[in-house]
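Undergrad: Data file query.cif (mmCIF, C-alpha atoms and all ligand atoms) is appended below.
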data_query
#
loop_
_atom_site.label_atom_id
_atom_site.label_comp_id
_atom_site.auth_asym_id
_atom_site.auth_seq_id
_atom_site.Cartn_x
_atom_site.Cartn_y
_atom_site.Cartn_z
CA MET C 1 2.95 18.50 4.00
CA LYS C 2 1.81 18.84 0.42
CA LYS C 3 -0.57 16.23 -0.94
CA VAL C 4 0.82 13.97 -3.64
CA ILE C 5 -0.34 13.78 -7.23
CA PHE C 6 0.80 11.20 -9.74
CA SER C 7 0.01 10.77 -13.40
CA GLY C 8 1.47 9.02 -16.40
CA ILE C 9 1.56 9.19 -20.16
CA GLN C 10 2.61 6.47 -22.58
CA PRO C 11 5.37 7.21 -25.08
CA SER C 12 3.25 5.47 -27.70
CA ALA C 13 3.65 8.19 -30.37
CA GLN C 14 6.07 10.96 -31.27
CA SER C 15 3.96 13.45 -29.37
CA PRO C 16 0.96 13.76 -27.06
CA HIS C 17 -2.26 14.97 -28.75
CA ILE C 18 -4.78 17.65 -27.89
CA GLY C 19 -6.94 15.06 -26.10
CA ASN C 20 -4.06 14.20 -23.77
CA TYR C 21 -3.36 17.89 -23.32
CA LEU C 22 -6.89 19.10 -22.60
CA GLY C 23 -7.93 15.96 -20.71
CA ALA C 24 -4.88 15.60 -18.49
CA LEU C 25 -1.61 17.42 -19.20
CA ARG C 26 -2.98 20.94 -18.89
CA GLN C 27 -4.09 20.05 -15.35
CA TRP C 28 -0.64 18.64 -14.59
CA VAL C 29 0.91 22.04 -15.21
CA GLU C 30 -1.52 23.82 -12.88
CA LEU C 31 -1.47 21.22 -10.12
CA GLN C 32 2.32 21.04 -9.81
CA LYS C 33 2.23 24.39 -8.02
CA ASN C 34 0.24 23.15 -5.06
CA TYR C 35 1.07 19.45 -4.84
CA GLN C 36 4.10 17.24 -4.63
CA ALA C 37 3.83 16.04 -8.21
CA TYR C 38 5.15 12.89 -9.89
CA TYR C 39 4.78 12.73 -13.66
CA CYS C 40 5.87 9.60 -15.39
CA VAL C 41 6.62 8.64 -18.99
CA VAL C 42 5.34 5.07 -18.77
CA ASP C 43 7.57 3.18 -21.19
CA LEU C 44 6.84 -0.18 -19.52
CA HIS C 45 3.16 0.38 -20.27
CA ALA C 46 3.94 1.22 -23.90
CA ILE C 47 5.45 -2.22 -24.57
CA THR C 48 2.20 -3.97 -23.64
CA VAL C 49 1.54 -3.67 -27.39
CA PRO C 50 4.25 -4.16 -30.05
CA GLN C 51 6.70 -1.24 -30.47
CA GLU C 52 9.58 -0.61 -32.85
CA LYS C 53 12.88 -0.04 -31.07
CA LYS C 54 13.89 3.23 -32.76
CA LYS C 55 10.41 4.73 -32.65
CA LEU C 56 9.98 3.89 -29.00
CA ASN C 57 13.36 5.36 -28.12
CA ASP C 58 12.52 8.60 -29.99
CA SER C 59 9.08 8.74 -28.40
CA ILE C 60 10.45 8.53 -24.87
CA TYR C 61 12.68 11.56 -25.45
CA ALA C 62 9.95 13.35 -27.39
CA THR C 63 7.25 12.81 -24.78
CA TYR C 64 9.58 13.91 -21.99
CA ALA C 65 10.62 17.01 -23.94
CA MET C 66 7.00 17.91 -24.70
CA LEU C 67 6.06 17.68 -21.03
CA LEU C 68 8.77 20.24 -20.29
CA ALA C 69 7.63 22.34 -23.24
CA ILE C 70 4.03 22.57 -21.99
CA GLY C 71 5.30 23.86 -18.65
CA ILE C 72 6.14 20.95 -16.35
CA ASP C 73 9.10 22.18 -14.29
CA PRO C 74 11.61 19.38 -13.63
CA ASN C 75 12.86 21.14 -10.52
CA MET C 76 9.40 21.50 -9.01
CA SER C 77 7.79 18.25 -10.21
CA ASN C 78 9.36 14.85 -10.27
CA ILE C 79 9.19 14.03 -13.96
CA PHE C 80 10.77 10.65 -14.66
CA VAL C 81 10.80 7.60 -16.90
CA GLN C 82 9.07 4.53 -15.48
CA SER C 83 11.72 1.94 -16.41
CA HIS C 84 14.39 3.97 -14.63
CA VAL C 85 12.80 3.13 -11.29
CA ARG C 86 13.00 -0.65 -10.91
CA GLN C 87 10.67 -0.75 -7.94
CA HIS C 88 7.74 -0.40 -10.37
CA THR C 89 8.35 -3.85 -11.79
CA GLU C 90 9.19 -5.36 -8.44
CA LEU C 91 5.99 -4.25 -6.71
CA THR C 92 3.94 -5.23 -9.75
CA TRP C 93 4.85 -8.86 -9.19
CA ILE C 94 3.79 -8.65 -5.58
CA LEU C 95 0.50 -6.88 -6.27
CA ASN C 96 -0.27 -9.33 -9.06
CA CYS C 97 -0.70 -11.79 -6.26
CA PHE C 98 -3.37 -9.55 -4.73
CA THR C 99 -5.33 -8.99 -7.92
CA HIS C 100 -8.16 -11.24 -9.04
CA LEU C 101 -8.45 -12.51 -12.61
CA GLY C 102 -12.10 -11.48 -12.57
CA GLU C 103 -11.09 -7.89 -11.90
CA LEU C 104 -8.70 -7.79 -14.85
CA ASN C 105 -11.30 -9.48 -17.07
CA ARG C 106 -13.65 -6.56 -16.44
CA MET C 107 -11.26 -3.83 -17.61
CA THR C 108 -12.75 -2.10 -20.63
CA GLN C 109 -9.39 -0.78 -21.86
CA PHE C 110 -8.10 -4.35 -22.00
CA LYS C 111 -11.17 -5.49 -23.92
CA GLU C 112 -10.80 -2.64 -26.43
CA LYS C 113 -7.05 -2.87 -26.88
CA SER C 114 -6.93 -6.66 -27.06
CA ALA C 115 -9.65 -6.65 -29.72
CA LYS C 116 -7.46 -4.34 -31.84
CA GLN C 117 -4.37 -6.58 -31.71
CA THR C 118 -3.88 -8.38 -34.99
CA LYS C 119 -1.17 -10.83 -33.91
CA ILE C 120 -1.00 -11.69 -30.24
CA VAL C 121 -2.42 -10.31 -27.00
CA SER C 122 0.38 -10.14 -24.44
CA ALA C 123 0.10 -11.03 -20.77
CA GLY C 124 1.51 -7.53 -20.23
CA LEU C 125 -1.56 -5.93 -21.80
CA TYR C 126 -3.73 -7.94 -19.43
CA ASP C 127 -1.61 -6.95 -16.46
CA TYR C 128 -1.40 -3.26 -17.47
CA PRO C 129 -3.77 -2.10 -14.70
CA VAL C 130 -1.64 -3.68 -11.96
CA LEU C 131 1.49 -1.87 -13.17
CA MET C 132 -0.56 1.32 -13.19
CA ALA C 133 -1.80 0.65 -9.65
CA VAL C 134 1.81 0.25 -8.58
CA ASP C 135 2.83 3.55 -10.20
CA ILE C 136 0.22 5.25 -8.08
CA LEU C 137 0.69 3.35 -4.82
CA LEU C 138 4.49 3.54 -4.64
CA TYR C 139 4.36 7.30 -3.96
CA HIS C 140 1.39 7.42 -1.54
CA THR C 141 -0.58 9.33 -4.14
CA ASN C 142 -3.70 11.21 -3.08
CA ILE C 143 -4.89 12.53 -6.44
CA ILE C 144 -4.54 11.38 -10.04
CA PRO C 145 -5.37 13.85 -12.81
CA VAL C 146 -6.47 11.78 -15.82
CA GLY C 147 -8.94 11.52 -18.65
CA GLU C 148 -12.13 9.53 -18.22
CA ASP C 149 -10.72 6.36 -19.80
CA GLN C 150 -8.53 5.79 -16.72
CA VAL C 151 -11.21 5.96 -14.03
CA GLN C 152 -11.85 2.23 -14.00
CA HIS C 153 -8.13 1.56 -13.51
CA ILE C 154 -8.06 3.92 -10.55
CA GLU C 155 -11.03 2.16 -8.95
CA LEU C 156 -9.13 -1.10 -9.30
CA THR C 157 -6.07 0.55 -7.73
CA ARG C 158 -8.15 1.46 -4.68
CA ASP C 159 -9.52 -2.07 -4.43
CA ILE C 160 -6.05 -3.64 -4.55
CA ALA C 161 -4.69 -1.16 -2.00
CA ASP C 162 -7.63 -1.70 0.30
CA ARG C 163 -7.31 -5.47 0.06
CA PHE C 164 -3.63 -5.33 0.97
CA ASN C 165 -4.22 -2.86 3.82
CA ASN C 166 -6.99 -5.01 5.27
CA ALA C 167 -4.79 -8.08 5.23
CA TYR C 168 -1.50 -6.57 6.43
CA GLY C 169 -2.20 -3.14 7.98
CA GLU C 170 -2.09 0.36 6.51
CA VAL C 171 0.63 0.54 3.89
CA PHE C 172 -1.04 2.16 0.92
CA THR C 173 -2.85 5.48 0.60
CA LEU C 174 -6.19 5.23 -1.22
CA PRO C 175 -6.06 7.57 -4.23
CA THR C 176 -8.82 9.50 -6.01
CA ALA C 177 -9.14 10.33 -9.70
CA ARG C 178 -9.38 13.99 -10.69
CA ILE C 179 -11.33 14.51 -13.85
CA VAL C 180 -12.13 17.73 -15.67
CA LYS C 181 -15.55 16.72 -16.91
CA GLU C 182 -15.73 18.91 -19.98
CA THR C 183 -12.48 17.69 -21.50
CA ALA C 184 -12.32 14.21 -19.99
CA ARG C 185 -12.99 12.54 -23.32
CA ILE C 186 -11.98 14.35 -26.50
CA MET C 187 -13.18 12.33 -29.46
CA SER C 188 -11.51 11.29 -32.71
CA LEU C 189 -11.84 13.82 -35.54
CA SER C 190 -12.60 11.14 -38.10
CA ASP C 191 -14.89 8.96 -35.96
CA PRO C 192 -16.41 10.96 -33.12
CA LYS C 193 -17.83 7.80 -31.53
CA ASN C 194 -14.30 6.84 -30.45
CA LYS C 195 -11.88 8.70 -28.24
CA MET C 196 -8.93 10.51 -29.76
CA SER C 197 -5.95 8.24 -29.32
CA LYS C 198 -2.20 8.38 -29.94
CA SER C 199 -2.19 4.95 -31.47
CA ASP C 200 -5.06 5.53 -33.93
CA ALA C 201 -3.99 4.18 -37.33
CA ASN C 202 -5.82 7.06 -39.05
CA LEU C 203 -3.55 10.09 -38.64
CA ASN C 204 -6.37 12.50 -39.51
CA ALA C 205 -8.19 11.46 -36.35
CA THR C 206 -5.71 13.12 -34.04
CA VAL C 207 -4.10 16.55 -33.68
CA PHE C 208 -0.63 16.08 -32.21
CA LEU C 209 1.08 18.85 -30.28
CA THR C 210 3.91 18.65 -32.83
CA ASP C 211 1.65 19.11 -35.88
CA LYS C 212 2.59 22.08 -38.05
CA PRO C 213 -0.04 24.81 -38.60
CA ASP C 214 -0.92 23.58 -42.09
CA VAL C 215 -1.43 20.04 -40.85
CA ILE C 216 -3.67 21.28 -38.04
CA ARG C 217 -5.75 23.30 -40.53
CA LYS C 218 -6.09 20.30 -42.82
CA LYS C 219 -7.11 17.92 -40.03
CA ILE C 220 -9.67 20.29 -38.53
CA MET C 221 -11.17 21.23 -41.91
CA SER C 222 -11.63 17.55 -42.74
CA ALA C 223 -13.06 16.59 -39.32
CA VAL C 224 -16.28 14.59 -39.63
CA THR C 225 -19.45 16.57 -38.85
CA ASP C 226 -23.02 16.42 -40.19
CA SER C 227 -25.14 17.97 -42.88
CA LYS C 228 -26.91 20.49 -40.63
CA LYS C 229 -25.86 24.12 -40.75
CA SER C 230 -26.13 25.78 -37.33
CA ILE C 231 -23.19 25.88 -34.93
CA GLU C 232 -24.76 24.86 -31.61
CA PHE C 233 -23.87 22.74 -28.59
CA ASP C 234 -26.03 19.67 -29.26
CA LYS C 235 -24.83 16.40 -27.72
CA LYS C 236 -26.54 14.44 -30.46
CA ARG C 237 -24.37 16.03 -33.15
CA LEU C 238 -21.30 14.09 -32.07
CA GLY C 239 -18.68 15.52 -34.42
CA LEU C 240 -19.69 19.15 -33.99
CA TYR C 241 -20.15 18.76 -30.24
CA ASN C 242 -16.61 17.45 -29.94
CA LEU C 243 -15.16 20.31 -32.00
CA LEU C 244 -17.14 22.89 -30.02
CA GLY C 245 -15.88 21.32 -26.80
CA ILE C 246 -12.31 21.72 -28.02
CA TYR C 247 -13.01 25.31 -29.03
CA LYS C 248 -14.50 26.05 -25.63
CA ALA C 249 -11.56 24.48 -23.78
CA VAL C 250 -9.03 26.37 -25.85
CA THR C 251 -10.67 29.81 -25.82
CA GLY C 252 -12.23 29.71 -22.35
CA GLU C 253 -15.45 31.24 -23.75
CA SER C 254 -18.89 30.16 -22.54
CA GLU C 255 -21.26 28.07 -24.65
CA LYS C 256 -23.58 31.07 -25.04
CA GLU C 257 -20.77 33.34 -26.19
CA ILE C 258 -19.61 30.75 -28.70
CA GLU C 259 -23.09 30.15 -30.10
CA ASN C 260 -23.66 33.89 -30.43
CA HIS C 261 -20.31 34.36 -32.10
CA PHE C 262 -21.07 31.70 -34.72
CA SER C 263 -24.74 32.47 -35.20
CA GLY C 264 -25.44 32.76 -38.91
CA LYS C 265 -22.03 31.32 -39.75
CA GLY C 266 -21.29 27.84 -41.08
CA TYR C 267 -18.87 24.99 -40.59
CA LYS C 268 -16.19 26.50 -42.76
CA GLU C 269 -15.85 29.64 -40.61
CA PHE C 270 -16.17 27.72 -37.37
CA LYS C 271 -13.56 25.16 -38.32
CA SER C 272 -11.08 27.72 -39.55
CA GLU C 273 -11.40 29.73 -36.32
CA LEU C 274 -10.98 26.55 -34.31
CA ALA C 275 -7.84 25.66 -36.25
CA GLU C 276 -6.35 29.13 -35.64
CA ALA C 277 -7.20 28.97 -31.92
CA LEU C 278 -5.44 25.62 -31.64
CA ILE C 279 -2.41 26.84 -33.56
CA GLU C 280 -2.21 29.80 -31.20
CA ILE C 281 -1.96 27.69 -28.03
CA ILE C 282 0.29 25.05 -29.60
CA LYS C 283 2.80 27.48 -31.13
CA PRO C 284 4.66 28.43 -27.92
CA MET C 285 4.81 24.77 -26.90
CA GLN C 286 6.43 23.87 -30.21
CA GLN C 287 9.00 26.63 -29.88
CA LYS C 288 10.11 25.35 -26.47
CA TYR C 289 9.90 21.75 -27.65
CA THR C 290 12.40 22.44 -30.44
CA THR C 291 14.93 23.66 -27.89
CA TYR C 292 14.43 20.78 -25.45
CA ILE C 293 14.51 17.98 -28.01
CA ALA C 294 17.76 19.31 -29.51
CA ASP C 295 19.59 18.71 -26.22
CA LYS C 296 19.25 15.08 -25.21
CA THR C 297 22.09 15.36 -22.71
CA THR C 298 20.11 17.82 -20.61
CA LEU C 299 16.97 15.68 -20.93
CA GLU C 300 18.92 12.67 -19.67
CA ILE C 301 20.26 14.64 -16.71
CA TYR C 302 16.71 15.60 -15.67
CA MET C 303 15.54 12.01 -16.20
CA ARG C 304 18.31 10.52 -14.06
CA GLN C 305 18.09 13.07 -11.26
CA ASN C 306 14.36 12.69 -10.93
CA ALA C 307 14.41 8.89 -11.21
CA HIS C 308 16.96 8.83 -8.43
CA LYS C 309 14.70 10.89 -6.16
CA ALA C 310 11.62 8.83 -7.06
CA ALA C 311 13.48 5.59 -6.36
CA ILE C 312 14.19 6.63 -2.78
CA VAL C 313 10.47 6.98 -2.03
CA ALA C 314 9.58 3.88 -4.07
CA GLU C 315 12.16 1.76 -2.27
CA GLN C 316 10.76 2.68 1.13
CA THR C 317 7.32 1.53 0.01
CA VAL C 318 8.63 -1.75 -1.42
CA ARG C 319 10.56 -2.51 1.77
CA ARG C 320 7.49 -1.85 3.88
CA VAL C 321 5.44 -4.20 1.71
CA LYS C 322 8.06 -6.95 1.83
CA GLU C 323 8.35 -6.65 5.57
CA LYS C 324 4.58 -6.91 5.96
CA LEU C 325 4.56 -10.04 3.81
CA GLY C 326 7.16 -11.73 6.00
CA PHE C 327 10.01 -11.48 3.51
CA ILE C 328 13.51 -11.07 4.93
CA ILE C 329 14.59 -7.55 4.01
P1 LIG L 401 -2.76 5.18 -26.60
O1 LIG L 401 -3.52 5.48 -27.84
O2 LIG L 401 -1.33 4.77 -26.85
O3 LIG L 401 -3.48 4.28 -25.65
P2 LIG L 401 -3.69 7.58 -25.38
O4 LIG L 401 -3.88 8.58 -26.44
O5 LIG L 401 -4.91 6.88 -24.84
O6 LIG L 401 -2.60 6.55 -25.84
P3 LIG L 401 -2.30 7.81 -22.83
O7 LIG L 401 -0.84 7.98 -22.83
O8 LIG L 401 -2.82 6.46 -22.57
O9 LIG L 401 -2.92 8.32 -24.21
O10 LIG L 401 -2.97 8.86 -21.84
C1 LIG L 401 -2.35 9.98 -21.24
C2 LIG L 401 -3.41 10.80 -20.52
O11 LIG L 401 -4.29 11.40 -21.47
C3 LIG L 401 -4.31 9.97 -19.60
O12 LIG L 401 -4.61 10.72 -18.44
C4 LIG L 401 -5.56 9.76 -20.40
O13 LIG L 401 -6.70 9.56 -19.60
C5 LIG L 401 -5.64 11.08 -21.16
N1 LIG L 401 -6.35 10.92 -22.44
C6 LIG L 401 -6.04 10.05 -23.42
N2 LIG L 401 -6.88 10.20 -24.47
C7 LIG L 401 -7.74 11.20 -24.11
C8 LIG L 401 -8.83 11.82 -24.78
N3 LIG L 401 -9.20 11.44 -25.99
N4 LIG L 401 -9.50 12.79 -24.13
C9 LIG L 401 -9.13 13.19 -22.89
N5 LIG L 401 -8.10 12.64 -22.22
C10 LIG L 401 -7.40 11.67 -22.81
N1 LIG L 402 -2.71 4.07 -18.16
C1 LIG L 402 -2.51 5.50 -18.27
C2 LIG L 402 -1.09 5.90 -18.15
C3 LIG L 402 -0.63 5.66 -16.76
C4 LIG L 402 -1.08 6.36 -15.61
C5 LIG L 402 -0.37 5.75 -14.52
C6 LIG L 402 -1.97 7.39 -15.40
C7 LIG L 402 0.26 4.73 -16.37
N2 LIG L 402 0.42 4.79 -15.02
C8 LIG L 402 -0.59 6.18 -13.24
C9 LIG L 402 -2.18 7.80 -14.08
C10 LIG L 402 -1.50 7.20 -13.03
C11 LIG L 402 -3.08 5.97 -19.58
O1 LIG L 402 -3.20 7.10 -19.74
N3 LIG L 402 -3.42 5.14 -20.49
#
Starting from the file, lay out its structure as structure tokens.
TA:
Amino acid sequence: MKKVIFSGIQPSAQSPHIGNYLGALRQWVELQKNYQAYYCVVDLHAITVPQEKKKLNDSIYATYAMLLAIGIDPNMSNIFVQSHVRQHTELTWILNCFTHLGELNRMTQFKEKSAKQTKIVSAGLYDYPVLMAVDILLYHTNIIPVGEDQVQHIELTRDIADRFNNAYGEVFTLPTARIVKETARIMSLSDPKNKMSKSDANLNATVFLTDKPDVIRKKIMSAVTDSKKSIEFDKKRLGLYNLLGIYKAVTGESEKEIENHFSGKGYKEFKSELAEALIEIIKPMQQKYTTYIADKTTLEIYMRQNAHKAAIVAEQTVRRVKEKLGFII
């Protein structure tokens, strides 16, 4: 039996960005070959902060289409939309009752995201990690390929699962995060102290997989660096270090090779080569994306078929949990 992997992405923008891609999505494509994979467009997570109806609807299609375009195969992997599988909300209620307030209070993503909200902070944002735990636990997931920002949520998932198992017997599988260290945290181009994020208000901070070549060039050329000249991997030079990390991830070259290649050259040459390297890997994705997004009927067929299959597994888990609790099923 193949081991199970699960991962999710929020439809919180019109497209994933290169941080999502290098930190997580690129691994999704590789791992689907050897695992039973579930990949989820987590629309219920997206509404934990305010969303506009039309934009959200477009983003769900767009995110789904981009996952196909980067190489997720809907016949090999179960790629589905979270709200299409009702068991996610049902089990969230139950596991809320096995989660401590103190645990949710410690979540750094909640602290960061709630601080950014200008109007209200929803109970959904607070409860976000429990819904995420449910996503993972419903499918008996072994491995979760994610960026570094999600590690704390996965630790909480294990704690909730363990607590339930200890009280009622083995129901849940304890999952493990899978991180690719070098790309686990791609930083913002305009403020390299913060992670690159889909919902960053500053559009120059983020390279989206749908950005046209000229936009990519402009964003990379204006990325914040420093006043030094040499192109070297130096963790203290935050902006440059981030850009070099992206270059390394995209080209597959070693740090030594990269430093040699740019020795005696300056930021302008480095940045323009980085922009071209990015354009090169993004171009084929965009070509496929254009085809997928033009055919919403086919996207909906994939969504429905895969949600149906996911729901069968999810329902078995929910029934098991209810039975353990003493509910009449
Ligand atoms: P939002 O800004 O709406 O919170 P996000 O950009 O953080 O979105 P998610 O949809 O929350 O993106 O994350 C999808 C996947 O991408 C997750 O596995 C997450 O860990 C990973 N990821 C997100 N941002 C980065 C980043 N800057 N570097 C590496 N991985 C990232
Ligand atoms: N919270 C995640 C998205 C997400 C997820 C999941 C990731 C929702 N459910 C389950 C892995 C497993 C994020 O990237 N912000």
Undergrad: Show me, as a tab-separated table (two decimals) with C-alpha atoms, in the frame of the given file, the residues that have an atom within 12 Å of C:Thr298 when counting all atoms listed in the file, minus same-chain residues fewer than 5 positions from it.
TA:
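So part.tsv came out as:
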chain	number	residue	atom	x	y	z
C	61	TYR	CA	12.68	11.56	-25.45
C	64	TYR	CA	9.58	13.91	-21.99
C	65	ALA	CA	10.62	17.01	-23.94
C	68	LEU	CA	8.77	20.24	-20.29
C	74	PRO	CA	11.61	19.38	-13.63
C	291	THR	CA	14.93	23.66	-27.89
C	292	TYR	CA	14.43	20.78	-25.45
C	293	ILE	CA	14.51	17.98	-28.01
C	303	MET	CA	15.54	12.01	-16.20
C	304	ARG	CA	18.31	10.52	-14.06
C	305	GLN	CA	18.09	13.07	-11.26
Undergrad: Step by step, measure atom-to-atom distances between ligand LIG 402 (chain L) and each residue using only C-alpha atoms and all ligand atoms, keep those at most 6 Å, then write them as a ChimeraX atom specification.
TA: /C:6-10,42,132,135-136,144
Undergrad: Using all atoms listed in the file for the distances, tell me which of C:Ile328, C:Ala184, C:Ile79, C:Ile231 is nearest to ligand LIG 401 (chain L).
TA: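 For ligand LIG 401 (chain L), the nearest of the given residues is C:Ala184.
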Undergrad: Can you tell me which residues surround C:Leu22 at a distance of at most 12 Å, considering only C-alpha atoms, apart from same-chain residues fewer than 2 positions away, and format the answer as an MDAnalysis selection string?
TA: chainID C and resid 16:20 24:29 70 145:148 179:187 196 207:209 245:252 278 281:282
Undergrad: Mind checking which residues fall within 12 Å of C:Lys116, counting only C-alpha atoms, ignoring those fewer than 5 positions away in the same chain, and posting them as a list in words?
TA: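 Neighbouring residues, sequence-local ones excluded: Val49, Pro50, Gln109, Phe110, Lys111, Val121, Leu125, Ser199, Asp200 and Ala201 of chain C.
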Undergrad: Taking only C-alpha atoms into account, name the residue in C:Lys119, C:His140, C:Arg158, C:Arg163 that is nearest to C:Ala177.
TA: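 Counting only C-alpha atoms, the residue closest to C:Ala177 is C:Arg158.
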Undergrad: Take the point (-7.7, 27.8, -41.9) as written in the file and pick out every residue within 10 Å of it, counting all atoms listed in the file; give the list as a PyMOL selection string.
TA: chain C and resi 213-214+216-218+220-221+268-276+279
Undergrad: Grab all the atoms of ligand LIG 401 (chain L) that the file lists, wrap them in a box along x, y and z, add 3 Å per side, and give me centre plus edge lengths in Å (one decimal) as AutoDock Vina command-line options.
TA:
--center_x -5.2 --center_y 8.7 --center_z -23.1 --size_x 14.7 --size_y 14.9 --size_z 15.4
Undergrad: Quick one: residues within 10 Å of C:Thr108, all atoms listed in the file, excluding same-chain residues fewer than 6 positions away - as a PyMOL selection string?
TA: chain C and resi 114+149-150+152-153
Undergrad: Find the distance between atom CA of C:Lys55 and atom CA of C:Gln14 and write it in Å to one decimal.
TA: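 We find that atom CA of C:Lys55 and atom CA of C:Gln14 lie 7.7 Å from each other.
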Undergrad: Please compute the atom CA of C:Leu67-atom CA of C:Tyr289 distance, one decimal, in Å.
TA: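 Between these atoms lies a distance of 8.7 Å.
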Undergrad: Nearest residue to ligand LIG 401 (chain L) out of C:Lys33, C:His88, C:Lys53, C:Lys113, using all atoms listed in the file?
TA: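 Closest residue, counting all atoms listed in the file: C:Lys113.
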Undergrad: When distances are computed from all atoms listed in the file, which of C:Ala13, C:Met76, C:Leu95, C:Ala161 shows the smallest separation from C:Gln51?
TA: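 Nearest candidate to C:Gln51 out of C:Ala13, C:Met76, C:Leu95, C:Ala161: C:Ala13.
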